[in-house]
Amino acid sequence: MTFADAFFYLFAILTVASAVMVITAKNPVHAVLWLILAFFNAAGLFVLLGAEFLAMILVVVYVGAVAVLFLFVVMMLDVDFAALRAGFLKNSPLGAVVGAILFAELIMVLGWKFVAPVKTGLSLAPLPKSGSGVTNTAALGQILYREPYVYYFEIAGLILLVAMIGAIVLTLRHKEGVKRQSISAQNARGPATAIEVVKVASGTYTIPEKAKEKVGA
């Protein structure tokens, strides 16, 4: 057994064990931590396969953004997980149907290799030859940023941009009674609106109209 085989079995066993702990952990924070460990081990498998770009994306995007963000959301929000578990039996028939569909799809994916073994050896784009000096990242860039894949790549970026804007618009809430800064109103201020000259007779006093509105006089 070579070092590559030993590391493959090590990463594979840790990935499967971490995935099992994700779905069996009762504490959601612990589940997210197990998920991060599964991502790291999956990244190790990608490195062994020579796909260093996918490994880096898995670590930077999923571990550094998605998993950590989910961890902070779970820790900051006061989620009643007992109420969520209470609806498990009510939604179990739908979950069973979805699980059966996913299981059938996995069987079809695995069985396709035996149904048409010739087509599994075909590749949509040529892979870089070993020793050619083209790295895995450069090869992916040449495929993604050339026709016709560049158009699909740009469409996917626009869809994600629209989804991000929609999420911000739907979750943005303005509180009533909160004083907000108006740059245009500040720049348009002049002596007539900035100060108020009040002539008060000797021995008397008066309250300006703007001050009366503030104090409710």
# chains A, B, ... in the order shown; residues from 1 in each chain; ligands from 1
>>> residues_around(residues="A:Ile23", least_positions_apart="3", cutoff="10 Å", atoms="only C-alpha atoms", output="ChimeraX atom specification")
/A:18-20,26,28,31-32,34-35
>>> write_last_selection(atoms="N, CA and C atoms", output="mmCIF file, in the first residue's frame")
data_model
loop_
_atom_site.group_PDB
_atom_site.id
_atom_site.type_symbol
_atom_site.label_atom_id
_atom_site.label_comp_id
_atom_site.auth_asym_id
_atom_site.auth_seq_id
_atom_site.Cartn_x
_atom_site.Cartn_y
_atom_site.Cartn_z
ATOM 1 N N SER A 18 -17.648 11.617 9.596
ATOM 2 C CA SER A 18 -18.122 12.977 9.885
ATOM 3 C C SER A 18 -19.527 13.203 9.327
ATOM 4 N N ALA A 19 -19.802 12.665 8.144
ATOM 5 C CA ALA A 19 -21.137 12.812 7.563
ATOM 6 C C ALA A 19 -22.187 12.112 8.414
ATOM 7 N N VAL A 20 -21.835 10.945 8.953
ATOM 8 C CA VAL A 20 -22.773 10.238 9.836
ATOM 9 C C VAL A 20 -23.024 11.035 11.110
ATOM 10 N N LYS A 26 -27.313 15.590 18.030
ATOM 11 C CA LYS A 26 -28.515 16.252 18.538
ATOM 12 C C LYS A 26 -28.332 17.759 18.650
ATOM 13 N N PRO A 28 -27.240 21.190 17.179
ATOM 14 C CA PRO A 28 -26.960 21.713 15.825
ATOM 15 C C PRO A 28 -25.576 22.332 15.691
ATOM 16 N N ALA A 31 -23.300 19.565 15.017
ATOM 17 C CA ALA A 31 -23.516 19.080 13.656
ATOM 18 C C ALA A 31 -22.760 19.932 12.638
ATOM 19 N N VAL A 32 -22.747 21.246 12.849
ATOM 20 C CA VAL A 32 -22.018 22.131 11.931
ATOM 21 C C VAL A 32 -20.514 21.902 12.031
ATOM 22 N N TRP A 34 -19.046 19.066 12.816
ATOM 23 C CA TRP A 34 -18.784 17.819 12.097
ATOM 24 C C TRP A 34 -18.839 18.048 10.586
ATOM 25 N N LEU A 35 -19.735 18.934 10.138
ATOM 26 C CA LEU A 35 -19.828 19.249 8.714
ATOM 27 C C LEU A 35 -18.550 19.913 8.213
#
>>> atom_distance(atom1="atom CA of A:Ser184", atom2="atom CA of A:Ile165")
25.2 Å
>>> atom_distance(atom1="atom CA of A:Phe7", atom2="atom CA of A:Asn41")
10.1 Å
>>> closest_atom_pairs(of="stretch 21-62 of chain A", to="stretch 137-141 of chain A", cutoff="8 Å", atoms="only C-alpha atoms", output="JSON lines")
{"residue": "A:Ala51", "atom": "CA", "partner": "A:Thr137", "partner_atom": "CA", "distance": 8.0}
{"residue": "A:Glu52", "atom": "CA", "partner": "A:Thr137", "partner_atom": "CA", "distance": 7.4}
{"residue": "A:Phe53", "atom": "CA", "partner": "A:Thr137", "partner_atom": "CA", "distance": 5.4}
>>> write_last_selection(atoms="N, CA and C atoms", output="PDB file, in the first residue's frame")
ATOM      1  N   ALA A  51      -7.363  17.561  -8.245  1.00  0.00           N
ATOM      2  CA  ALA A  51      -8.274  18.695  -8.440  1.00  0.00           C
ATOM      3  C   ALA A  51      -8.063  19.696  -7.314  1.00  0.00           C
ATOM      4  N   GLU A  52      -6.934  20.374  -7.352  1.00  0.00           N
ATOM      5  CA  GLU A  52      -6.608  21.304  -6.267  1.00  0.00           C
ATOM      6  C   GLU A  52      -7.530  22.516  -6.269  1.00  0.00           C
ATOM      7  N   PHE A  53      -8.051  22.889  -7.444  1.00  0.00           N
ATOM      8  CA  PHE A  53      -8.961  24.035  -7.492  1.00  0.00           C
ATOM      9  C   PHE A  53     -10.256  23.728  -6.743  1.00  0.00           C
TER      10      PHE A  53
END
>>> atom_distance(atom1="atom CA of A:Phe70", atom2="atom CA of A:Phe39")
14.1 Å
>>> closest_atom_pairs(of="stretch 164-185 of chain A", to="stretch 189-195 of chain A", cutoff="12 Å", atoms="only C-alpha atoms", output="tab-separated table")
residue	atom	partner	partner_atom	distance
A:Ser182	CA	A:Arg189	CA	11.2
A:Ile183	CA	A:Arg189	CA	10.3
A:Ser184	CA	A:Arg189	CA	8.9
A:Ala185	CA	A:Arg189	CA	6.4
>>> write_last_selection(atoms="N, CA, C and O atoms", output="PDB file, in the first residue's frame")
ATOM      1  N   SER A 182     -29.549  62.493   6.242  1.00  0.00           N
ATOM      2  CA  SER A 182     -29.869  62.879   4.877  1.00  0.00           C
ATOM      3  C   SER A 182     -28.760  63.800   4.374  1.00  0.00           C
ATOM      4  O   SER A 182     -28.677  64.962   4.770  1.00  0.00           O
ATOM      5  N   ILE A 183     -27.897  63.278   3.527  1.00  0.00           N
ATOM      6  CA  ILE A 183     -26.751  64.044   3.040  1.00  0.00           C
ATOM      7  C   ILE A 183     -27.211  65.243   2.218  1.00  0.00           C
ATOM      8  O   ILE A 183     -26.676  66.349   2.329  1.00  0.00           O
ATOM      9  N   SER A 184     -28.233  65.053   1.362  1.00  0.00           N
ATOM     10  CA  SER A 184     -28.704  66.151   0.519  1.00  0.00           C
ATOM     11  C   SER A 184     -29.291  67.290   1.349  1.00  0.00           C
ATOM     12  O   SER A 184     -29.070  68.474   1.057  1.00  0.00           O
ATOM     13  N   ALA A 185     -30.043  66.948   2.409  1.00  0.00           N
ATOM     14  CA  ALA A 185     -30.618  67.987   3.270  1.00  0.00           C
ATOM     15  C   ALA A 185     -29.534  68.735   4.040  1.00  0.00           C
ATOM     16  O   ALA A 185     -29.629  69.953   4.248  1.00  0.00           O
TER      17      ALA A 185
END
>>> residues_around(residues="A:Ile36", least_positions_apart="4", cutoff="10 Å", atoms="only C-alpha atoms", output="list in words")
Ser18, Ala19, Val22, His30, Ala31, Val32, Phe40, Asn41, Ala42, Val59, Tyr62, Val63, Gly64, Val66, Ala67, Val68 and Leu71 of chain A
>>> write_last_selection(atoms="all heavy atoms", output="compact mmCIF listing (two decimals), in the first residue's frame")
# COMPACT_ATOMS: atom_id res chain seq x y z
N SER A 18 -17.65 11.62 9.60
CA SER A 18 -18.12 12.98 9.89
C SER A 18 -19.53 13.20 9.33
O SER A 18 -20.35 13.86 9.97
CB SER A 18 -17.16 14.00 9.28
OG SER A 18 -15.85 13.83 9.79
N ALA A 19 -19.80 12.66 8.14
CA ALA A 19 -21.14 12.81 7.56
C ALA A 19 -22.19 12.11 8.41
O ALA A 19 -23.30 12.61 8.60
CB ALA A 19 -21.15 12.26 6.14
N VAL A 22 -22.92 14.24 11.37
CA VAL A 22 -23.71 15.43 11.05
C VAL A 22 -25.20 15.14 11.20
O VAL A 22 -25.96 15.95 11.75
CB VAL A 22 -23.39 15.92 9.63
CG1 VAL A 22 -24.38 17.00 9.19
CG2 VAL A 22 -21.98 16.49 9.58
N HIS A 30 -22.83 21.25 17.17
CA HIS A 30 -21.93 20.11 16.97
C HIS A 30 -22.07 19.56 15.56
O HIS A 30 -21.07 19.13 14.95
CB HIS A 30 -22.23 19.03 18.00
CG HIS A 30 -21.95 19.44 19.41
ND1 HIS A 30 -22.37 18.72 20.51
CD2 HIS A 30 -21.28 20.53 19.90
CE1 HIS A 30 -21.99 19.34 21.61
NE2 HIS A 30 -21.32 20.43 21.27
N ALA A 31 -23.30 19.57 15.02
CA ALA A 31 -23.52 19.08 13.66
C ALA A 31 -22.76 19.93 12.64
O ALA A 31 -22.17 19.40 11.69
CB ALA A 31 -25.00 19.06 13.34
N VAL A 32 -22.75 21.25 12.85
CA VAL A 32 -22.02 22.13 11.93
C VAL A 32 -20.51 21.90 12.03
O VAL A 32 -19.79 21.91 11.02
CB VAL A 32 -22.37 23.60 12.22
CG1 VAL A 32 -21.55 24.54 11.35
CG2 VAL A 32 -23.85 23.85 11.99
N PHE A 40 -13.31 19.41 5.11
CA PHE A 40 -11.86 19.36 5.06
C PHE A 40 -11.36 18.02 4.52
O PHE A 40 -10.42 17.97 3.71
CB PHE A 40 -11.28 19.62 6.45
CG PHE A 40 -11.08 21.07 6.77
CD1 PHE A 40 -11.82 21.70 7.75
CD2 PHE A 40 -10.13 21.82 6.09
CE1 PHE A 40 -11.65 23.04 8.03
CE2 PHE A 40 -9.93 23.16 6.37
CZ PHE A 40 -10.70 23.77 7.34
N ASN A 41 -11.97 16.94 4.95
CA ASN A 41 -11.55 15.63 4.47
C ASN A 41 -11.92 15.43 3.01
O ASN A 41 -11.16 14.81 2.25
CB ASN A 41 -12.19 14.54 5.33
CG ASN A 41 -11.59 14.47 6.71
OD1 ASN A 41 -10.51 13.93 6.91
ND2 ASN A 41 -12.28 15.00 7.69
N ALA A 42 -13.08 15.96 2.58
CA ALA A 42 -13.43 15.90 1.16
C ALA A 42 -12.44 16.71 0.33
O ALA A 42 -12.09 16.31 -0.80
CB ALA A 42 -14.85 16.40 0.95
N VAL A 59 -12.79 24.47 0.62
CA VAL A 59 -12.33 25.01 1.90
C VAL A 59 -12.71 26.48 2.06
O VAL A 59 -13.24 26.91 3.09
CB VAL A 59 -10.80 24.82 2.04
CG1 VAL A 59 -10.27 25.54 3.27
CG2 VAL A 59 -10.46 23.35 2.11
N TYR A 62 -17.13 26.84 1.22
CA TYR A 62 -18.04 26.10 2.09
C TYR A 62 -17.62 26.16 3.55
O TYR A 62 -18.46 26.37 4.43
CB TYR A 62 -18.14 24.64 1.63
CG TYR A 62 -18.94 24.49 0.37
CD1 TYR A 62 -18.34 24.53 -0.88
CD2 TYR A 62 -20.32 24.32 0.42
CE1 TYR A 62 -19.07 24.39 -2.04
CE2 TYR A 62 -21.07 24.18 -0.73
CZ TYR A 62 -20.45 24.22 -1.96
OH TYR A 62 -21.18 24.10 -3.11
N VAL A 63 -16.34 25.99 3.82
CA VAL A 63 -15.89 26.04 5.21
C VAL A 63 -15.79 27.48 5.68
O VAL A 63 -16.27 27.82 6.77
CB VAL A 63 -14.53 25.32 5.36
CG1 VAL A 63 -14.01 25.46 6.79
CG2 VAL A 63 -14.67 23.85 5.00
N GLY A 64 -15.20 28.33 4.87
CA GLY A 64 -14.97 29.71 5.30
C GLY A 64 -16.19 30.59 5.26
O GLY A 64 -16.22 31.62 5.92
N VAL A 66 -20.03 29.35 4.12
CA VAL A 66 -21.33 28.73 4.35
C VAL A 66 -21.42 28.10 5.73
O VAL A 66 -22.33 28.40 6.52
CB VAL A 66 -21.62 27.70 3.24
CG1 VAL A 66 -22.96 27.02 3.49
CG2 VAL A 66 -21.61 28.36 1.88
N ALA A 67 -20.48 27.22 6.05
CA ALA A 67 -20.56 26.50 7.32
C ALA A 67 -20.39 27.44 8.51
O ALA A 67 -21.12 27.33 9.50
CB ALA A 67 -19.49 25.39 7.36
N VAL A 68 -19.42 28.36 8.44
CA VAL A 68 -19.21 29.29 9.55
C VAL A 68 -20.40 30.23 9.70
O VAL A 68 -20.83 30.54 10.82
CB VAL A 68 -17.89 30.06 9.33
CG1 VAL A 68 -17.70 31.10 10.42
CG2 VAL A 68 -16.71 29.10 9.30
N LEU A 71 -23.10 28.38 11.34
CA LEU A 71 -22.78 28.19 12.75
C LEU A 71 -23.13 29.43 13.55
O LEU A 71 -23.74 29.35 14.63
CB LEU A 71 -21.30 27.85 12.90
CG LEU A 71 -20.77 27.68 14.33
CD1 LEU A 71 -21.49 26.54 15.02
CD2 LEU A 71 -19.28 27.43 14.32
>>> closest_residue(among="A:Leu58, A:Leu110, A:Val98, A:Ala156", to="A:Gly44", atoms="only C-alpha atoms")
A:Leu58
